[in-house]
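Enquirer: So here's work.cif, just mmCIF, C-alpha atoms:
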```
data_target
#
loop_
_atom_site.label_atom_id
_atom_site.label_comp_id
_atom_site.auth_asym_id
_atom_site.auth_seq_id
_atom_site.Cartn_x
_atom_site.Cartn_y
_atom_site.Cartn_z
CA MET R 1 67.28 58.17 16.47
CA ARG R 2 67.28 56.98 12.92
CA GLU R 3 64.47 58.17 10.67
CA ASP R 4 64.06 54.77 9.01
CA ALA R 5 63.28 53.23 12.44
CA ILE R 6 60.11 55.30 12.80
CA LEU R 7 56.93 53.56 11.47
CA THR R 8 53.46 54.84 10.75
CA PRO R 9 50.38 53.13 12.26
CA SER R 10 49.52 51.63 8.89
CA GLN R 11 53.03 50.25 8.56
CA VAL R 12 52.78 48.70 11.99
CA GLY R 13 49.46 47.19 11.09
CA GLN R 14 50.78 45.83 7.80
CA TYR R 15 53.84 44.39 9.55
CA LEU R 16 51.68 42.62 12.09
CA LYS R 17 49.39 41.39 9.31
CA ASN R 18 52.31 39.95 7.36
CA MET R 19 53.72 38.35 10.45
CA MET R 20 50.40 36.80 11.45
CA ASP R 21 49.69 35.62 7.89
CA ARG R 22 52.98 33.68 7.95
CA ASP R 23 52.06 31.98 11.23
CA ARG R 24 50.78 28.49 10.41
CA LEU R 25 48.72 28.21 13.62
CA LEU R 26 46.94 31.51 13.04
CA SER R 27 46.22 30.73 9.39
CA GLN R 28 44.36 27.50 10.19
CA LEU R 29 42.66 28.17 13.49
CA LEU R 30 39.70 26.53 15.25
CA VAL R 31 38.10 28.69 17.92
CA ARG R 32 35.39 27.59 20.34
CA GLY R 33 33.14 30.27 21.83
CA GLU R 34 29.69 31.71 22.30
CA LEU R 35 28.14 33.87 19.57
CA SER R 36 27.52 37.47 20.60
CA ASN R 37 26.48 40.67 18.78
CA TYR R 38 25.70 38.70 15.63
CA LYS R 39 24.75 40.97 12.73
CA MET R 40 24.17 40.36 9.03
CA TYR R 41 24.58 43.39 6.79
CA PRO R 42 22.82 44.06 3.46
CA SER R 43 26.12 43.31 1.73
CA GLY R 44 25.76 39.71 2.87
CA HIS R 45 28.76 39.84 5.24
CA HIS R 46 28.26 38.56 8.82
CA TYR R 47 29.90 40.23 11.80
CA PHE R 48 29.95 38.75 15.31
CA THR R 49 31.99 38.22 18.42
CA LEU R 50 33.17 34.93 19.94
CA LYS R 51 33.49 35.09 23.69
CA ASP R 52 34.19 32.91 26.67
CA GLY R 53 34.30 33.72 30.36
CA GLU R 54 37.52 35.71 30.11
CA GLY R 55 37.88 37.21 26.65
CA ALA R 56 36.33 38.03 23.27
CA LEU R 57 37.39 37.78 19.63
CA ARG R 58 35.98 39.88 16.81
CA CYS R 59 35.01 37.87 13.74
CA VAL R 60 33.86 38.47 10.19
CA MET R 61 32.38 35.98 7.72
CA PHE R 62 32.24 37.17 4.15
CA ARG R 63 29.22 36.63 1.96
CA SER R 64 30.80 33.85 -0.13
CA ASP R 65 31.46 31.80 3.02
CA ALA R 66 28.17 32.71 4.72
CA MET R 67 26.16 31.30 1.80
CA SER R 68 27.24 27.79 2.83
CA LEU R 69 25.66 28.11 6.30
CA ARG R 70 22.98 25.45 6.86
CA PHE R 71 21.70 26.88 10.14
CA ARG R 72 20.70 30.32 11.34
CA PRO R 73 23.36 31.72 13.75
CA GLU R 74 21.86 33.21 16.90
CA ASN R 75 23.34 34.93 19.92
CA GLY R 76 24.10 32.53 22.74
CA ILE R 77 24.84 29.49 20.57
CA GLN R 78 28.11 27.69 21.34
CA VAL R 79 30.00 27.23 18.07
CA ILE R 80 33.35 26.24 16.63
CA ALA R 81 34.67 28.73 14.07
CA ALA R 82 37.34 27.79 11.53
CA GLY R 83 39.43 30.49 9.87
CA ARG R 84 42.49 32.65 10.12
CA VAL R 85 43.41 35.45 12.51
CA THR R 86 45.00 38.55 11.08
CA VAL R 87 45.06 42.32 11.47
CA PHE R 88 42.93 44.76 9.57
CA PRO R 89 45.55 47.48 8.89
CA ARG R 90 43.06 50.32 8.67
CA ASP R 91 42.07 50.22 12.36
CA GLY R 92 44.85 48.02 13.71
CA GLN R 93 42.38 45.50 15.20
CA TYR R 94 42.98 41.80 14.85
CA GLN R 95 40.01 39.58 14.05
CA LEU R 96 39.08 36.12 12.92
CA TYR R 97 38.19 35.77 9.26
CA CYS R 98 35.73 32.89 9.60
CA ALA R 99 35.42 30.43 6.70
CA ARG R 100 33.25 27.82 8.40
CA LEU R 101 30.92 27.91 11.41
CA THR R 102 29.62 24.77 13.11
CA PRO R 103 27.36 24.45 16.17
CA GLU R 104 29.15 22.66 18.98
CA GLY R 105 27.64 19.42 20.24
CA VAL R 106 25.29 19.08 17.25
CA GLY R 107 25.79 19.19 13.50
CA ASP R 108 24.91 22.30 11.56
CA LEU R 109 22.26 20.32 9.64
CA SER R 110 20.63 19.11 12.86
CA LEU R 111 20.54 22.63 14.25
CA ALA R 112 19.20 24.03 10.98
CA PHE R 113 16.51 21.32 11.02
CA GLU R 114 15.41 22.19 14.56
CA GLN R 115 15.45 25.93 13.88
CA LEU R 116 13.29 25.66 10.75
CA LYS R 117 11.00 23.18 12.45
CA GLU R 118 10.43 25.58 15.34
CA LYS R 119 9.89 28.53 12.99
CA LEU R 120 7.31 26.77 10.80
CA PHE R 121 5.58 25.31 13.85
CA ARG R 122 5.08 28.80 15.30
CA GLU R 123 3.67 29.96 11.95
CA GLY R 124 1.10 27.15 11.99
CA LEU R 125 2.31 25.20 8.93
CA PHE R 126 2.05 21.94 10.87
CA ASP R 127 -1.47 22.54 12.24
CA GLN R 128 -3.90 19.70 11.71
CA GLU R 129 -6.74 21.95 10.49
CA HIS R 130 -4.68 22.77 7.39
CA LYS R 131 -4.36 19.11 6.39
CA LYS R 132 -6.38 18.13 3.31
CA THR R 133 -8.16 14.81 2.93
CA ILE R 134 -6.47 12.25 0.70
CA PRO R 135 -8.93 11.22 -2.07
CA GLU R 136 -10.22 7.67 -1.64
CA PHE R 137 -10.09 6.83 -5.35
CA PRO R 138 -7.66 9.28 -7.06
CA ARG R 139 -8.00 9.41 -10.83
CA ARG R 140 -4.60 11.08 -11.49
CA ILE R 141 -1.47 10.86 -9.33
CA ALA R 142 1.63 13.03 -9.81
CA LEU R 143 4.96 11.60 -8.65
CA ILE R 144 7.40 14.46 -8.04
CA THR R 145 10.72 12.69 -7.69
CA SER R 146 13.81 11.62 -9.57
CA PRO R 147 12.87 9.66 -12.71
CA ALA R 148 15.98 7.49 -12.42
CA GLY R 149 15.73 6.25 -8.84
CA ALA R 150 14.47 2.92 -7.56
CA ALA R 151 11.81 4.76 -5.54
CA VAL R 152 9.84 5.89 -8.60
CA ARG R 153 9.89 2.37 -10.09
CA ASP R 154 8.61 0.89 -6.83
CA MET R 155 5.79 3.44 -6.62
CA ILE R 156 4.70 2.90 -10.24
CA ARG R 157 4.73 -0.88 -9.76
CA ILE R 158 2.70 -0.79 -6.53
CA LEU R 159 0.20 1.78 -7.84
CA GLY R 160 -0.39 -0.32 -10.95
CA ALA R 161 -0.87 -3.50 -8.98
CA ARG R 162 -3.17 -2.03 -6.34
CA TRP R 163 -5.33 0.34 -8.42
CA PRO R 164 -4.69 0.32 -12.18
CA LEU R 165 -7.58 2.76 -12.74
CA SER R 166 -5.39 5.66 -11.60
CA GLU R 167 -3.35 7.55 -14.19
CA VAL R 168 0.22 7.99 -12.91
CA LYS R 169 2.28 10.96 -14.14
CA VAL R 170 5.96 11.42 -13.23
CA ILE R 171 7.16 15.02 -12.91
CA PRO R 172 10.98 14.66 -12.99
CA VAL R 173 13.06 16.73 -10.56
CA ARG R 174 16.41 16.49 -8.87
CA VAL R 175 16.11 15.32 -5.28
CA GLN R 176 19.67 16.05 -4.17
CA GLY R 177 22.00 18.99 -4.57
CA ALA R 178 21.74 22.77 -4.44
CA GLU R 179 19.17 23.02 -7.26
CA ALA R 180 16.87 20.29 -5.91
CA PRO R 181 14.74 22.37 -3.46
CA GLN R 182 13.80 24.94 -6.10
CA GLU R 183 12.95 22.22 -8.63
CA ILE R 184 10.74 20.33 -6.18
CA ALA R 185 8.89 23.51 -5.15
CA ALA R 186 8.44 24.57 -8.79
CA ALA R 187 7.06 21.13 -9.72
CA ILE R 188 4.46 21.31 -6.92
CA GLN R 189 3.43 24.79 -8.07
CA TRP R 190 3.23 23.61 -11.71
CA ALA R 191 0.99 20.66 -10.81
CA ASN R 192 -1.37 22.98 -8.93
CA PHE R 193 -1.44 25.63 -11.64
CA HIS R 194 -2.30 23.12 -14.38
CA GLY R 195 -4.54 20.89 -12.24
CA ALA R 196 -2.33 17.98 -13.25
CA ALA R 197 -3.43 15.56 -10.54
CA ASP R 198 -5.83 14.75 -7.74
CA LEU R 199 -2.95 13.68 -5.50
CA ILE R 200 0.78 14.47 -5.29
CA ILE R 201 3.44 12.12 -3.93
CA THR R 202 6.86 13.70 -3.47
CA GLY R 203 9.97 12.11 -2.01
CA ARG R 204 12.96 9.90 -2.68
CA GLY R 205 14.72 6.80 -1.44
CA GLY R 206 16.88 6.58 1.66
CA GLY R 207 20.21 8.25 2.30
CA SER R 208 22.13 10.37 4.76
CA MET R 209 20.78 13.58 6.23
CA GLU R 210 22.75 15.50 3.63
CA ASP R 211 21.18 13.39 0.84
CA LEU R 212 17.66 14.09 2.12
CA TRP R 213 18.29 17.75 2.86
CA ALA R 214 16.32 19.08 -0.12
CA PHE R 215 13.13 18.07 1.73
CA ASN R 216 14.25 20.07 4.78
CA GLU R 217 14.42 23.36 2.87
CA GLU R 218 11.92 26.10 3.65
CA VAL R 219 11.00 26.66 -0.01
CA VAL R 220 9.80 23.05 -0.32
CA ALA R 221 7.87 23.22 2.96
CA ARG R 222 6.01 26.37 1.90
CA ALA R 223 5.24 24.94 -1.56
CA ILE R 224 3.65 21.88 0.07
CA TYR R 225 1.69 24.08 2.48
CA ARG R 226 0.31 26.26 -0.35
CA SER R 227 -0.63 23.28 -2.52
CA GLU R 228 -4.37 22.95 -3.18
CA ILE R 229 -3.76 19.34 -4.21
CA PRO R 230 -3.26 16.94 -1.26
CA VAL R 231 0.39 15.96 -0.81
CA ILE R 232 1.88 12.72 0.55
CA SER R 233 5.49 13.04 1.72
CA ALA R 234 7.58 9.90 1.11
CA VAL R 235 11.22 10.59 2.00
CA GLY R 236 13.83 7.99 2.88
CA HIS R 237 13.28 5.07 5.20
CA GLU R 238 10.93 4.79 8.16
CA PRO R 239 13.31 6.38 10.78
CA ASP R 240 13.99 9.38 8.50
CA VAL R 241 11.94 12.48 9.32
CA THR R 242 12.01 15.68 7.28
CA ILE R 243 10.33 19.07 7.42
CA ALA R 244 8.26 17.99 4.39
CA ASP R 245 6.78 15.18 6.52
CA PHE R 246 5.45 17.70 9.06
CA VAL R 247 3.88 19.99 6.45
CA ALA R 248 2.45 17.33 4.12
CA ASP R 249 -1.17 16.21 4.40
CA LEU R 250 0.02 12.64 5.01
CA ARG R 251 3.43 11.19 5.84
CA ALA R 252 4.51 7.84 4.44
CA SER R 253 7.42 5.95 5.96
CA THR R 254 8.83 5.03 2.54
CA PRO R 255 7.97 5.69 -1.13
CA SER R 256 6.49 2.18 -1.36
CA ASN R 257 4.33 2.89 1.66
CA ALA R 258 3.19 6.14 0.02
CA ALA R 259 1.91 4.17 -2.97
CA GLU R 260 0.03 1.84 -0.62
CA LEU R 261 -1.54 4.77 1.22
CA ALA R 262 -2.45 6.63 -1.98
CA VAL R 263 -4.79 4.06 -3.53
CA PRO R 264 -7.00 1.20 -2.31
CA ASP R 265 -6.21 -2.44 -3.04
CA GLN R 266 -8.35 -3.63 -5.93
CA ASN R 267 -8.49 -7.15 -4.44
CA GLU R 268 -9.91 -5.79 -1.18
CA ILE R 269 -12.45 -3.65 -3.07
CA TYR R 270 -13.46 -6.68 -5.14
CA ALA R 271 -13.92 -8.74 -1.97
CA VAL R 272 -16.07 -5.99 -0.44
CA LEU R 273 -18.19 -5.74 -3.60
CA LEU R 274 -18.59 -9.52 -3.71
CA ASN R 275 -19.66 -9.59 -0.08
CA ASN R 276 -22.11 -6.72 -0.66
CA ARG R 277 -23.58 -8.54 -3.67
CA GLU R 278 -24.12 -11.69 -1.60
CA ARG R 279 -25.74 -9.69 1.17
CA LEU R 280 -27.94 -7.85 -1.33
CA GLU R 281 -29.02 -11.09 -2.98
CA GLY R 282 -29.76 -12.61 0.42
CA ALA R 283 -31.80 -9.60 1.52
CA ALA R 284 -33.70 -9.60 -1.79
CA ALA R 285 -34.46 -13.33 -1.42
CA VAL R 286 -35.81 -12.81 2.11
CA LYS R 287 -37.97 -9.90 0.99
CA LEU R 288 -39.30 -11.83 -2.03
CA ALA R 289 -40.19 -14.78 0.22
CA ARG R 290 -42.06 -12.48 2.59
CA TYR R 291 -43.95 -10.83 -0.27
CA ARG R 292 -44.74 -14.27 -1.70
CA GLN R 293 -46.31 -15.27 1.62
CA ILE R 294 -48.34 -12.07 1.69
CA LEU R 295 -49.48 -12.66 -1.91
CA GLU R 296 -50.49 -16.24 -1.15
CA ARG R 297 -52.43 -15.09 1.90
CA LEU R 298 -54.20 -12.40 -0.12
CA ALA R 299 -54.92 -14.83 -2.96
CA GLY R 300 -56.80 -17.08 -0.53
CA SER R 301 -58.79 -14.25 1.05
CA ARG R 302 -62.59 -13.88 0.56
CA PRO R 303 -62.44 -10.74 -1.66
CA MET R 304 -60.08 -12.55 -4.09
CA THR R 305 -61.92 -15.90 -4.18
CA GLU R 306 -65.41 -14.34 -4.10
CA PRO R 307 -65.26 -10.72 -5.37
CA ALA R 308 -69.04 -10.19 -5.11
CA PHE R 309 -68.89 -10.84 -1.39
CA TYR R 310 -67.47 -7.40 -0.77
CA PHE R 311 -70.34 -5.70 -2.62
CA ARG R 312 -72.96 -7.82 -0.83
CA GLU R 313 -71.52 -6.75 2.49
CA LYS R 314 -71.68 -3.10 1.47
CA ARG R 315 -75.25 -3.53 0.19
CA LEU R 316 -76.29 -5.05 3.53
CA LEU R 317 -74.64 -2.16 5.30
CA LEU R 318 -76.51 0.27 3.05
CA ASP R 319 -79.84 -1.44 3.81
CA TYR R 320 -79.06 -1.28 7.49
CA GLN R 321 -78.27 2.42 7.32
CA SER R 322 -81.46 3.07 5.27
CA SER R 323 -83.52 1.23 7.88
CA ARG R 324 -81.94 3.27 10.65
CA LEU R 325 -82.66 6.49 8.72
CA ALA R 326 -86.33 5.53 8.19
CA HIS R 327 -86.69 4.61 11.82
CA GLY R 328 -85.15 7.89 12.85
CA LEU R 329 -87.53 9.83 10.61
CA ARG R 330 -90.53 8.00 12.06
CA GLN R 331 -89.35 8.66 15.57
CA SER R 332 -88.92 12.32 14.71
CA ALA R 333 -92.41 12.52 13.23
CA ASN R 334 -93.97 10.87 16.30
CA TRP R 335 -92.07 13.24 18.57
CA GLN R 336 -93.29 16.24 16.58
CA ARG R 337 -96.85 14.86 16.68
CA GLU R 338 -96.73 14.38 20.45
CA ARG R 339 -95.28 17.84 20.92
CA LEU R 340 -98.00 19.42 18.79
CA THR R 341 -100.64 17.52 20.77
CA ALA R 342 -99.18 18.79 24.01
CA LEU R 343 -99.07 22.33 22.68
CA SER R 344 -102.65 22.13 21.44
CA SER R 345 -103.91 21.15 24.85
CA ARG R 346 -102.57 24.39 26.20
CA LEU R 347 -103.90 26.63 23.43
CA PRO R 348 -106.84 28.96 24.36
CA GLY R 349 -110.06 28.20 22.44
CA SER R 350 -113.74 27.55 22.69
CA GLY R 351 -113.69 24.11 24.26
CA ALA R 352 -114.08 20.88 22.21
CA ARG R 353 -114.51 22.76 18.99
CA SER R 354 -111.12 24.41 19.31
CA VAL R 355 -109.47 21.13 20.27
CA SER R 356 -111.01 19.37 17.26
CA LYS R 357 -109.80 22.10 14.95
CA GLN R 358 -106.24 21.89 16.30
CA ARG R 359 -106.29 18.10 16.00
CA GLU R 360 -107.23 18.32 12.34
CA ARG R 361 -104.41 20.78 11.80
CA LEU R 362 -101.97 18.42 13.52
CA LYS R 363 -103.03 15.57 11.27
CA THR R 364 -102.47 17.75 8.20
CA LEU R 365 -98.97 18.75 9.34
CA ALA R 366 -98.06 15.16 10.20
CA ALA R 367 -99.21 14.01 6.77
CA SER R 368 -97.16 16.73 5.13
CA LEU R 369 -94.11 15.77 7.17
CA ASP R 370 -94.53 12.11 6.31
CA ALA R 371 -94.90 12.97 2.62
CA MET R 372 -91.59 14.89 2.71
CA SER R 373 -89.65 11.76 3.81
CA PRO R 374 -87.14 10.70 1.06
CA LEU R 375 -88.11 7.09 1.65
CA LYS R 376 -91.75 7.84 0.83
CA VAL R 377 -90.71 9.56 -2.37
CA LEU R 378 -88.45 6.65 -3.39
CA GLY R 379 -91.18 4.18 -2.41
CA ARG R 380 -93.51 5.75 -4.97
CA GLY R 381 -91.14 4.86 -7.83
CA TYR R 382 -88.98 7.96 -7.89
CA ALA R 383 -85.15 7.95 -7.91
CA ILE R 384 -82.30 10.33 -6.97
CA ALA R 385 -79.79 10.94 -9.80
CA GLN R 386 -76.23 11.91 -8.76
CA ARG R 387 -73.22 12.87 -10.84
CA ALA R 388 -69.72 11.42 -10.29
CA ASP R 389 -68.90 14.29 -7.89
CA GLY R 390 -71.93 13.38 -5.70
CA LYS R 391 -74.10 16.38 -6.64
CA ALA R 392 -77.80 15.67 -7.31
CA VAL R 393 -79.05 16.24 -10.87
CA VAL R 394 -81.99 18.68 -10.81
CA SER R 395 -81.99 19.73 -14.47
CA ASN R 396 -81.08 18.19 -17.79
CA GLY R 397 -78.56 21.00 -18.16
CA ASP R 398 -76.52 19.50 -15.31
CA VAL R 399 -75.35 16.57 -17.47
CA GLU R 400 -73.83 15.92 -20.87
CA PRO R 401 -74.12 12.87 -23.12
CA GLY R 402 -71.66 10.22 -21.95
CA ASP R 403 -71.75 11.32 -18.29
CA ARG R 404 -72.06 8.51 -15.78
CA LEU R 405 -74.78 8.80 -13.13
CA LYS R 406 -75.72 6.92 -9.99
CA LEU R 407 -79.48 6.36 -9.47
CA THR R 408 -80.51 5.70 -5.89
CA LEU R 409 -83.75 3.65 -5.60
CA SER R 410 -85.73 2.57 -2.58
CA ASP R 411 -83.96 -0.80 -2.39
CA GLY R 412 -80.55 -0.11 -3.96
CA SER R 413 -78.74 1.86 -6.65
CA LEU R 414 -77.90 1.67 -10.39
CA ASP R 415 -74.87 2.91 -12.41
CA CYS R 416 -76.12 4.58 -15.60
CA GLN R 417 -74.82 6.54 -18.58
CA VAL R 418 -76.48 9.52 -20.25
CA LEU R 419 -77.25 8.83 -23.94
#
```
Please rewrite the model in this file as structure tokens.

Expert:
Amino acid sequence: MREDAILTPSQVGQYLKNMMDRDRLLSQLLVRGELSNYKMYPSGHHYFTLKDGEGALRCVMFRSDAMSLRFRPENGIQVIAAGRVTVFPRDGQYQLYCARLTPEGVGDLSLAFEQLKEKLFREGLFDQEHKKTIPEFPRRIALITSPAGAAVRDMIRILGARWPLSEVKVIPVRVQGAEAPQEIAAAIQWANFHGAADLIITGRGGGSMEDLWAFNEEVVARAIYRSEIPVISAVGHEPDVTIADFVADLRASTPSNAAELAVPDQNEIYAVLLNNRERLEGAAAVKLARYRQILERLAGSRPMTEPAFYFREKRLLLDYQSSRLAHGLRQSANWQRERLTALSSRLPGSGARSVSKQRERLKTLAASLDAMSPLKVLGRGYAIAQRADGKAVVSNGDVEPGDRLKLTLSDGSLDCQVL
């Protein structure tokens, strides 16, 4: 046996590696299989196994290639892996060095979209209670979009035509490419930090799913969710739906539609104001006519045409009440007299002499009672002086010069002033 015919394991592995590297089929291979044992290491390299019902193939995807993945690989997903098969000389195991990984049956962008949508939905970023109200009359509007696209020109034109009172500020960002998501998220954060607007509109014109992908990135979705300023998402055409649409406070089908939703139409507001003015004028005219009728009715009433009539009525009422009071006092005096007479008849005494004495006493009491009647006092020329608060004046110290007094007489009253 020749010595040069004996190989070491590493030499065998290197020989196989060289042979497999020269094989055109193995250097440009497409492999269909199910992901299994998928692991991502801190180094950024991805290790997994592709398997079918009868076999398995070890695979590795280096960090530089893994950075281009649009979706999140998960065990159980059917994929197509593109790469080259060779041997790793150190352990003699052959494996697929994967350069590109695509979900089978659906594009990697579509799968990435569904995966992120499901993730953010579970976290509650789409919940309705987190949606902020769009201001009815925004004073400042920030347009976070490309400054060179047709979309920004359409939005500025529509906003100016519908509601020129709003100040429109364009915050320029890229809306396509690898740097676009970070720029859009940073612009939303900047607008919030500086309080640059009452309302944010972010979006771009139509395009393919790849063109619109910046608005499907997680960093943009979380920036919209954290925004204290209400956000309208306006991406692409009406059929286009992005993750930003689900997170935003309001979704617009197009950038032009976003401008229409952001502000009211000044012509409609003017029509409403004009209608309200007409209704207000009509209501005021009806109320003035009703008050005019009331005024005319009051102007023809007795107190307005004959002011003294009111006082005469009150004076008659006063006379009537005075008469009732005098009658009541007389009735009371008669009742007291009859009661005293009845009591005197039952008093013990010495016959007619005692009765005569009691009768004289009764007459004296009745005369005293009659003399105490206010009407008797007023009838003798006296008067009752009362201050403005209704209290009777009993001393000259109760009044001051200039005070007004009311003097009640037997047949009326007088308004007087202290000199």

Enquirer: Between atom CA of R:Asp319 and atom CA of R:Gly402, what distance in Å does the model show, to one decimal?

Expert: 29.4 Å

Enquirer: Report, in Å with one decimal, the straight-line distance from atom CA of R:Cys98 to atom CA of R:Cys59.

Expert: 6.5 Å

Enquirer: Quick check, in Å to one decimal: how far apart do atom CA of R:Arg251 and atom CA of R:Leu109 lie?

Expert: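 According to the coordinates, atom CA of R:Arg251 and atom CA of R:Leu109 are separated by 21.3 Å.
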
Enquirer: From the options R:Thr49, R:Thr102, R:Gln78, R:Ser68, which residue's atoms come nearest to R:Gly33, counting all atoms listed in the file?

Expert: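 Of R:Thr49, R:Thr102, R:Gln78, R:Ser68, the one nearest R:Gly33, counting all atoms listed in the file, is R:Gln78.
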
Enquirer: Using only C-alpha atoms for the distances, tell me which of R:Val60, R:Leu125, R:Asn334, R:Met20 is nearest to R:Lys39.

Expert: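 Once distances to R:Lys39 are computed over only C-alpha atoms, the minimum belongs to R:Val60.
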
Enquirer: Running the PyMOL selection byres ((chain R and resi 178) around 12) on this model by hand, what would come out? Give it as a compact mmCIF listing (two decimals) with C-alpha atoms, in the frame of the given file.

Expert:
```
# COMPACT_ATOMS: atom_id res chain seq x y z
CA MET R 67 26.16 31.30 1.80
CA SER R 68 27.24 27.79 2.83
CA ARG R 70 22.98 25.45 6.86
CA ARG R 174 16.41 16.49 -8.87
CA VAL R 175 16.11 15.32 -5.28
CA GLN R 176 19.67 16.05 -4.17
CA GLY R 177 22.00 18.99 -4.57
CA GLU R 179 19.17 23.02 -7.26
CA ALA R 180 16.87 20.29 -5.91
CA PRO R 181 14.74 22.37 -3.46
CA GLN R 182 13.80 24.94 -6.10
CA GLU R 183 12.95 22.22 -8.63
CA ILE R 184 10.74 20.33 -6.18
CA GLU R 210 22.75 15.50 3.63
CA ASP R 211 21.18 13.39 0.84
CA LEU R 212 17.66 14.09 2.12
CA TRP R 213 18.29 17.75 2.86
CA ALA R 214 16.32 19.08 -0.12
CA PHE R 215 13.13 18.07 1.73
CA GLU R 217 14.42 23.36 2.87
```

Enquirer: For this file, the PyMOL selection byres ((chain R and resi 143-158) around 8) selects which residues, as a PDB file with C-alpha atoms, keeping the file's coordinate frame?

Expert:
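Written output follows (expr-v9.pdb):
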```pdb
ATOM      1  CA  ILE R 141      -1.470  10.860  -9.330  1.00  0.00           C
ATOM      2  CA  ALA R 142       1.630  13.030  -9.810  1.00  0.00           C
ATOM      3  CA  LEU R 159       0.200   1.780  -7.840  1.00  0.00           C
ATOM      4  CA  GLY R 160      -0.390  -0.320 -10.950  1.00  0.00           C
ATOM      5  CA  ALA R 161      -0.870  -3.500  -8.980  1.00  0.00           C
ATOM      6  CA  ARG R 162      -3.170  -2.030  -6.340  1.00  0.00           C
ATOM      7  CA  VAL R 168       0.220   7.990 -12.910  1.00  0.00           C
ATOM      8  CA  LYS R 169       2.280  10.960 -14.140  1.00  0.00           C
ATOM      9  CA  VAL R 170       5.960  11.420 -13.230  1.00  0.00           C
ATOM     10  CA  ILE R 171       7.160  15.020 -12.910  1.00  0.00           C
ATOM     11  CA  PRO R 172      10.980  14.660 -12.990  1.00  0.00           C
ATOM     12  CA  VAL R 173      13.060  16.730 -10.560  1.00  0.00           C
ATOM     13  CA  ARG R 174      16.410  16.490  -8.870  1.00  0.00           C
ATOM     14  CA  VAL R 175      16.110  15.320  -5.280  1.00  0.00           C
ATOM     15  CA  ILE R 184      10.740  20.330  -6.180  1.00  0.00           C
ATOM     16  CA  ALA R 187       7.060  21.130  -9.720  1.00  0.00           C
ATOM     17  CA  ILE R 188       4.460  21.310  -6.920  1.00  0.00           C
ATOM     18  CA  ILE R 200       0.780  14.470  -5.290  1.00  0.00           C
ATOM     19  CA  ILE R 201       3.440  12.120  -3.930  1.00  0.00           C
ATOM     20  CA  THR R 202       6.860  13.700  -3.470  1.00  0.00           C
ATOM     21  CA  GLY R 203       9.970  12.110  -2.010  1.00  0.00           C
ATOM     22  CA  ARG R 204      12.960   9.900  -2.680  1.00  0.00           C
ATOM     23  CA  GLY R 205      14.720   6.800  -1.440  1.00  0.00           C
ATOM     24  CA  PRO R 255       7.970   5.690  -1.130  1.00  0.00           C
ATOM     25  CA  SER R 256       6.490   2.180  -1.360  1.00  0.00           C
ATOM     26  CA  ALA R 258       3.190   6.140   0.020  1.00  0.00           C
ATOM     27  CA  ALA R 259       1.910   4.170  -2.970  1.00  0.00           C
ATOM     28  CA  GLU R 260       0.030   1.840  -0.620  1.00  0.00           C
TER      29      GLU R 260
END
```

Enquirer: Enumerate, as a VMD selection string, the residues matched when the PyMOL selection byres ((chain R and resi 206) around 6) is run on the file above.

Expert: chain R and resid 205 207 236 to 237

Enquirer: May I have the residues within 12 Å of R:Tyr38 as JSON, numbers by chain, using only C-alpha atoms and disregarding those fewer than 3 positions away in the same chain?

Expert: {"R": [34, 35, 41, 45, 46, 47, 48, 49, 50, 51, 58, 59, 60, 61, 72, 73, 74, 75, 76, 77]}

Enquirer: Only C-alpha atoms, please: the residues just picked out, written as a PDB file, in the coordinates of the input.

Expert:
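That gives us selection.pdb:
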```
ATOM      1  CA  GLU R  34      29.690  31.710  22.300  1.00  0.00           C
ATOM      2  CA  LEU R  35      28.140  33.870  19.570  1.00  0.00           C
ATOM      3  CA  TYR R  41      24.580  43.390   6.790  1.00  0.00           C
ATOM      4  CA  HIS R  45      28.760  39.840   5.240  1.00  0.00           C
ATOM      5  CA  HIS R  46      28.260  38.560   8.820  1.00  0.00           C
ATOM      6  CA  TYR R  47      29.900  40.230  11.800  1.00  0.00           C
ATOM      7  CA  PHE R  48      29.950  38.750  15.310  1.00  0.00           C
ATOM      8  CA  THR R  49      31.990  38.220  18.420  1.00  0.00           C
ATOM      9  CA  LEU R  50      33.170  34.930  19.940  1.00  0.00           C
ATOM     10  CA  LYS R  51      33.490  35.090  23.690  1.00  0.00           C
ATOM     11  CA  ARG R  58      35.980  39.880  16.810  1.00  0.00           C
ATOM     12  CA  CYS R  59      35.010  37.870  13.740  1.00  0.00           C
ATOM     13  CA  VAL R  60      33.860  38.470  10.190  1.00  0.00           C
ATOM     14  CA  MET R  61      32.380  35.980   7.720  1.00  0.00           C
ATOM     15  CA  ARG R  72      20.700  30.320  11.340  1.00  0.00           C
ATOM     16  CA  PRO R  73      23.360  31.720  13.750  1.00  0.00           C
ATOM     17  CA  GLU R  74      21.860  33.210  16.900  1.00  0.00           C
ATOM     18  CA  ASN R  75      23.340  34.930  19.920  1.00  0.00           C
ATOM     19  CA  GLY R  76      24.100  32.530  22.740  1.00  0.00           C
ATOM     20  CA  ILE R  77      24.840  29.490  20.570  1.00  0.00           C
TER      21      ILE R  77
END
```

Enquirer: So that I can see what lies close to R:Glu114, please list as a PyMOL selection string the residues with an atom at most 12 Å from it, counting all atoms listed in the file and leaving out residues fewer than 4 positions away in the same chain.

Expert: chain R and resi 70-72+106-110+118-121+216-217+241-243

Enquirer: Looking at all atoms listed in the file, which of R:Gly381, R:Pro42, R:Leu29, R:Gln321 is the one that sits closest to R:Leu101?

Expert: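 Result for the nearest residue to R:Leu101: R:Leu29.
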
Enquirer: Let me make sure I understand: among R:Ala388, R:Pro89, R:Pro264, R:Leu329, which one has the smallest atom-to-atom distance to R:Glu136 if we use only C-alpha atoms?

Expert: R:Pro264
